[in-house]
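Report on one structure; see the data block that follows.
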Amino acid sequence: MQVIQVAQFGGPEVLVPVEVPDPVAGRGQAVIGVTAAEVLFLDAMIRYGLATDFFPLRPPYVPGSGVAGTVISVGPDTDASWTGRRVVAQTGANGGYAQQAVVAAGDLIPLPHGLGLPEAAALLHDGATALGLVESFPIRPGEWVLVVGASGGLGAVLVQLARAAGARVIGAARGQPKLDLAREAGAGLVVDDSEPDWPGQVTEATEGNGADLVFDNVGGPVGLAAFGAIAAGGRFSAHGAPAGGFADIDPQEAKRLGVTVRGIEQVQFAPADLARLAGKALSAAAEGLIRPIIGQTFPLEQAADAHRAIEARDVIGKTLLVT
């Protein structure tokens with residue numbers, strides 16, 4: 001079978017297609033025939049060697065953390081009824097950029113009827129993360145919610161959840177196609193975060209008060225600018241990092257404004273919580289309550305191109321590798 005290996009830490013060019021033997025499920029494991037593998041910005045950070053303090057992966061390794069597909073075999077002491085079922089699962093250190101992936105049987109999440117495998121892959125991480133963020137910062141009807149990076153896979157789900165909760169939603173994104181997607185997801189107002197006065201547009205739209213709740217999926221200077229558009233006593237989720245690390249919020253300024261700031265720790269889930277949230281997201285999608293937006297797919301062997309597009313911020317919605 002084919003897998004994608006990171007031959008050495010570096011740019012997208014280090015992602016190399018390699019032929020390896022088909023995996024064999026061990027005790028308590030299952031082998032999934034992969035239909036779609038999710039691609040995260042985090043995958044690129046790990047590939048560059050920028051996250052070695054948090055992730056033990058060292059080259060050569062297979063990147064990727066989540067897949068959707070069909071169980072093709074199970075190991076000893078594993079429920080044989082999983083065979084043939086459509087599932088999603090976290091792959092852990094085994095990697096997901098592969099035609100087949102070995103996972104712990106306890107991490108298998110069955111798909112509800114009517115939900116496609118690509119849609120499930122798109123929600124495995126982003127759906128669970130969005131629901132976890134909303135559990136940390138519940139959305140109140142009528143309040144102003146600013147979603148920064150509203151055109152990404154996670155951002156689009158957050159926009160939908162905020163609108164469903166009765167909030168007034170502002171989506172920040174960059175460029176007309178991304179603004180259109182944020183509006184399609186349910187944002188009542190969109191602002192282009194490449195414009196220098198965009199936080200002022202948010203403040204003006206909220207009658208001078210600012211947003212009551214900010215979900216920052218971008219970080220860096222964009223996330224810091226978003227903090228300038230928050231209301232006194234508001235809540236700010238600084239969990240995003242694609243624009244240059246997490247937003248560097250001054251804790252003294254947050255205290256002065258009475259703003260509650262939370263970071264990436266709120267979405268570092270224990271396995272049981274991740275399975276619960278992912279299952280909840282899949283059920284919501286099957287019921288039509290949320291809709292993952294898959295902006296682009298790449299064949300497995302073009303994983304390097306997928307990484308280039310993500311790093312250039314030249315993607316909308318969710319990015320998947322397909323086999």
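Letters A, B, ... mark the chains of the structure tokens in the order given; residue numbers begin at 1 per chain; ligand numbers begin at 1, in order shown.
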Query - helix (DSSP H, G or I) positions in region 187-233 of chain A, given as a PyMOL selection string - result: chain A and resi 198-205+220-227
Requested in this report: Tell me which protein, DNA and RNA residues are within 7 Å of region 204-220 of chain A, counting only C-alpha atoms, leaving out same-chain ones fewer than 6 positions away, and put them as a PyMOL selection string.
Outcome: chain A and resi 143-149+155+229-231+234-247
Output for the residues just chosen: C-alpha atoms as a PDB file, in the first residue's frame:
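Okay, again-v2.pdb is ready:
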ATOM      1  CA  GLU A 143     -24.958  38.425  21.742  1.00  0.00           C
ATOM      2  CA  TRP A 144     -22.379  39.430  19.157  1.00  0.00           C
ATOM      3  CA  VAL A 145     -19.994  36.621  18.218  1.00  0.00           C
ATOM      4  CA  LEU A 146     -16.898  37.307  16.104  1.00  0.00           C
ATOM      5  CA  VAL A 147     -15.376  34.293  14.349  1.00  0.00           C
ATOM      6  CA  VAL A 148     -11.865  35.037  13.072  1.00  0.00           C
ATOM      7  CA  GLY A 149     -10.895  32.691  10.253  1.00  0.00           C
ATOM      8  CA  GLY A 155     -14.449  28.569  11.600  1.00  0.00           C
ATOM      9  CA  ALA A 229     -12.729  44.592  18.857  1.00  0.00           C
ATOM     10  CA  ILE A 230     -13.918  42.838  22.015  1.00  0.00           C
ATOM     11  CA  ALA A 231     -16.467  44.238  24.424  1.00  0.00           C
ATOM     12  CA  GLY A 234     -16.295  39.709  26.923  1.00  0.00           C
ATOM     13  CA  ARG A 235     -14.763  36.272  26.313  1.00  0.00           C
ATOM     14  CA  PHE A 236     -11.830  35.618  23.991  1.00  0.00           C
ATOM     15  CA  SER A 237     -10.774  32.170  22.782  1.00  0.00           C
ATOM     16  CA  ALA A 238      -7.138  32.363  21.617  1.00  0.00           C
ATOM     17  CA  HIS A 239      -6.825  28.813  20.288  1.00  0.00           C
ATOM     18  CA  GLY A 240      -5.687  29.493  16.693  1.00  0.00           C
ATOM     19  CA  ALA A 241      -2.108  29.830  15.441  1.00  0.00           C
ATOM     20  CA  PRO A 242      -1.813  29.676  11.588  1.00  0.00           C
ATOM     21  CA  ALA A 243      -0.954  33.395  11.236  1.00  0.00           C
ATOM     22  CA  GLY A 244       2.141  33.252  13.428  1.00  0.00           C
ATOM     23  CA  GLY A 245       1.475  31.595  16.780  1.00  0.00           C
ATOM     24  CA  PHE A 246      -1.263  32.179  19.313  1.00  0.00           C
ATOM     25  CA  ALA A 247      -2.458  35.769  19.768  1.00  0.00           C
TER      26      ALA A 247
END
Dump as CSV the rows for residues of region 227-310 of chain A within 10 Å of region 86-102 of chain A: closest atom pair and distance in Å with one decimal, only C-alpha atoms counted, ordered by chain and rising residue number.
residue,atom,partner,partner_atom,distance
A:Pro271,CA,A:Gln90,CA,9.3
A:Leu274,CA,A:Gln90,CA,9.3
A:Ala275,CA,A:Ala89,CA,8.7
A:Ala278,CA,A:Val88,CA,9.1
A:Gly279,CA,A:Val88,CA,9.5
A:Leu282,CA,A:Val88,CA,9.7
A:Leu300,CA,A:Tyr97,CA,6.9
A:Glu301,CA,A:Tyr97,CA,9.1
A:Ala303,CA,A:Tyr97,CA,8.0
Please provide the set of residues having any atom within 10 Å of Asp180 (chain A), restricted to only C-alpha atoms, with same-chain residues fewer than 5 positions apart removed, written as an mmCIF file with all heavy atoms, in the first residue's frame.
data_model
loop_
_atom_site.group_PDB
_atom_site.id
_atom_site.type_symbol
_atom_site.label_atom_id
_atom_site.label_comp_id
_atom_site.auth_asym_id
_atom_site.auth_seq_id
_atom_site.Cartn_x
_atom_site.Cartn_y
_atom_site.Cartn_z
ATOM 1 N N SER A 151 -13.752 31.284 7.374
ATOM 2 C CA SER A 151 -13.856 30.485 6.148
ATOM 3 C C SER A 151 -13.135 29.150 6.255
ATOM 4 O O SER A 151 -13.162 28.360 5.314
ATOM 5 C CB SER A 151 -13.275 31.270 4.965
ATOM 6 O OG SER A 151 -11.879 31.477 5.146
ATOM 7 N N GLY A 171 -18.280 37.300 10.700
ATOM 8 C CA GLY A 171 -17.215 36.438 10.217
ATOM 9 C C GLY A 171 -16.082 37.261 9.645
ATOM 10 O O GLY A 171 -16.306 38.115 8.776
ATOM 11 N N ALA A 173 -12.573 37.127 7.527
ATOM 12 C CA ALA A 173 -11.821 36.290 6.604
ATOM 13 C C ALA A 173 -11.067 37.212 5.661
ATOM 14 O O ALA A 173 -11.132 38.435 5.783
ATOM 15 C CB ALA A 173 -12.754 35.343 5.853
ATOM 16 N N GLY A 175 -10.265 38.134 1.677
ATOM 17 C CA GLY A 175 -10.561 37.981 0.259
ATOM 18 C C GLY A 175 -12.002 37.580 0.008
ATOM 19 O O GLY A 175 -12.651 36.948 0.858
ATOM 20 N N ALA A 185 -21.971 30.222 5.362
ATOM 21 C CA ALA A 185 -22.053 29.436 6.591
ATOM 22 C C ALA A 185 -23.033 30.031 7.590
ATOM 23 O O ALA A 185 -23.454 29.336 8.525
ATOM 24 C CB ALA A 185 -20.664 29.315 7.224
ATOM 25 N N ALA A 187 -22.835 33.774 8.636
ATOM 26 C CA ALA A 187 -22.459 35.057 9.226
ATOM 27 C C ALA A 187 -23.359 36.157 8.678
ATOM 28 O O ALA A 187 -23.513 36.299 7.462
ATOM 29 C CB ALA A 187 -20.998 35.372 8.918
ATOM 30 N N VAL A 190 -19.823 40.201 7.374
ATOM 31 C CA VAL A 190 -18.458 39.730 7.142
ATOM 32 C C VAL A 190 -17.532 40.933 7.010
ATOM 33 O O VAL A 190 -17.935 41.989 6.509
ATOM 34 C CB VAL A 190 -18.360 38.840 5.886
ATOM 35 C CG1 VAL A 190 -19.138 37.549 6.087
ATOM 36 C CG2 VAL A 190 -18.841 39.569 4.641
#
Quick one: residues within 8 Å of Leu40 (chain A), only C-alpha atoms, excluding same-chain residues fewer than 4 positions away - as a JSON list (two decimals) with all heavy atoms, in the first residue's frame?
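Contents of result.json, freshly written:
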[["chain", "number", "residue", "atom", "x", "y", "z"],
["A", 44, "ALA", "N", 1.62, 20.60, 9.34],
["A", 44, "ALA", "CA", 2.74, 21.33, 8.75],
["A", 44, "ALA", "C", 3.72, 21.79, 9.83],
["A", 44, "ALA", "O", 4.94, 21.74, 9.64],
["A", 44, "ALA", "CB", 2.23, 22.53, 7.95],
["A", 64, "GLY", "N", -0.43, 12.93, 9.85],
["A", 64, "GLY", "CA", -1.88, 12.83, 9.86],
["A", 64, "GLY", "C", -2.41, 12.20, 11.12],
["A", 64, "GLY", "O", -1.77, 11.31, 11.70],
["A", 319, "THR", "N", -9.65, 20.83, 4.20],
["A", 319, "THR", "CA", -8.79, 20.20, 3.20],
["A", 319, "THR", "C", -8.66, 18.71, 3.55],
["A", 319, "THR", "O", -8.37, 18.37, 4.69],
["A", 319, "THR", "CB", -7.40, 20.85, 3.18],
["A", 319, "THR", "OG1", -7.53, 22.23, 2.90],
["A", 319, "THR", "CG2", -6.51, 20.19, 2.14]]
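Going from CA of Pro60 (chain A) to CA of Phe9 (chain A) covers 8.8 Å.
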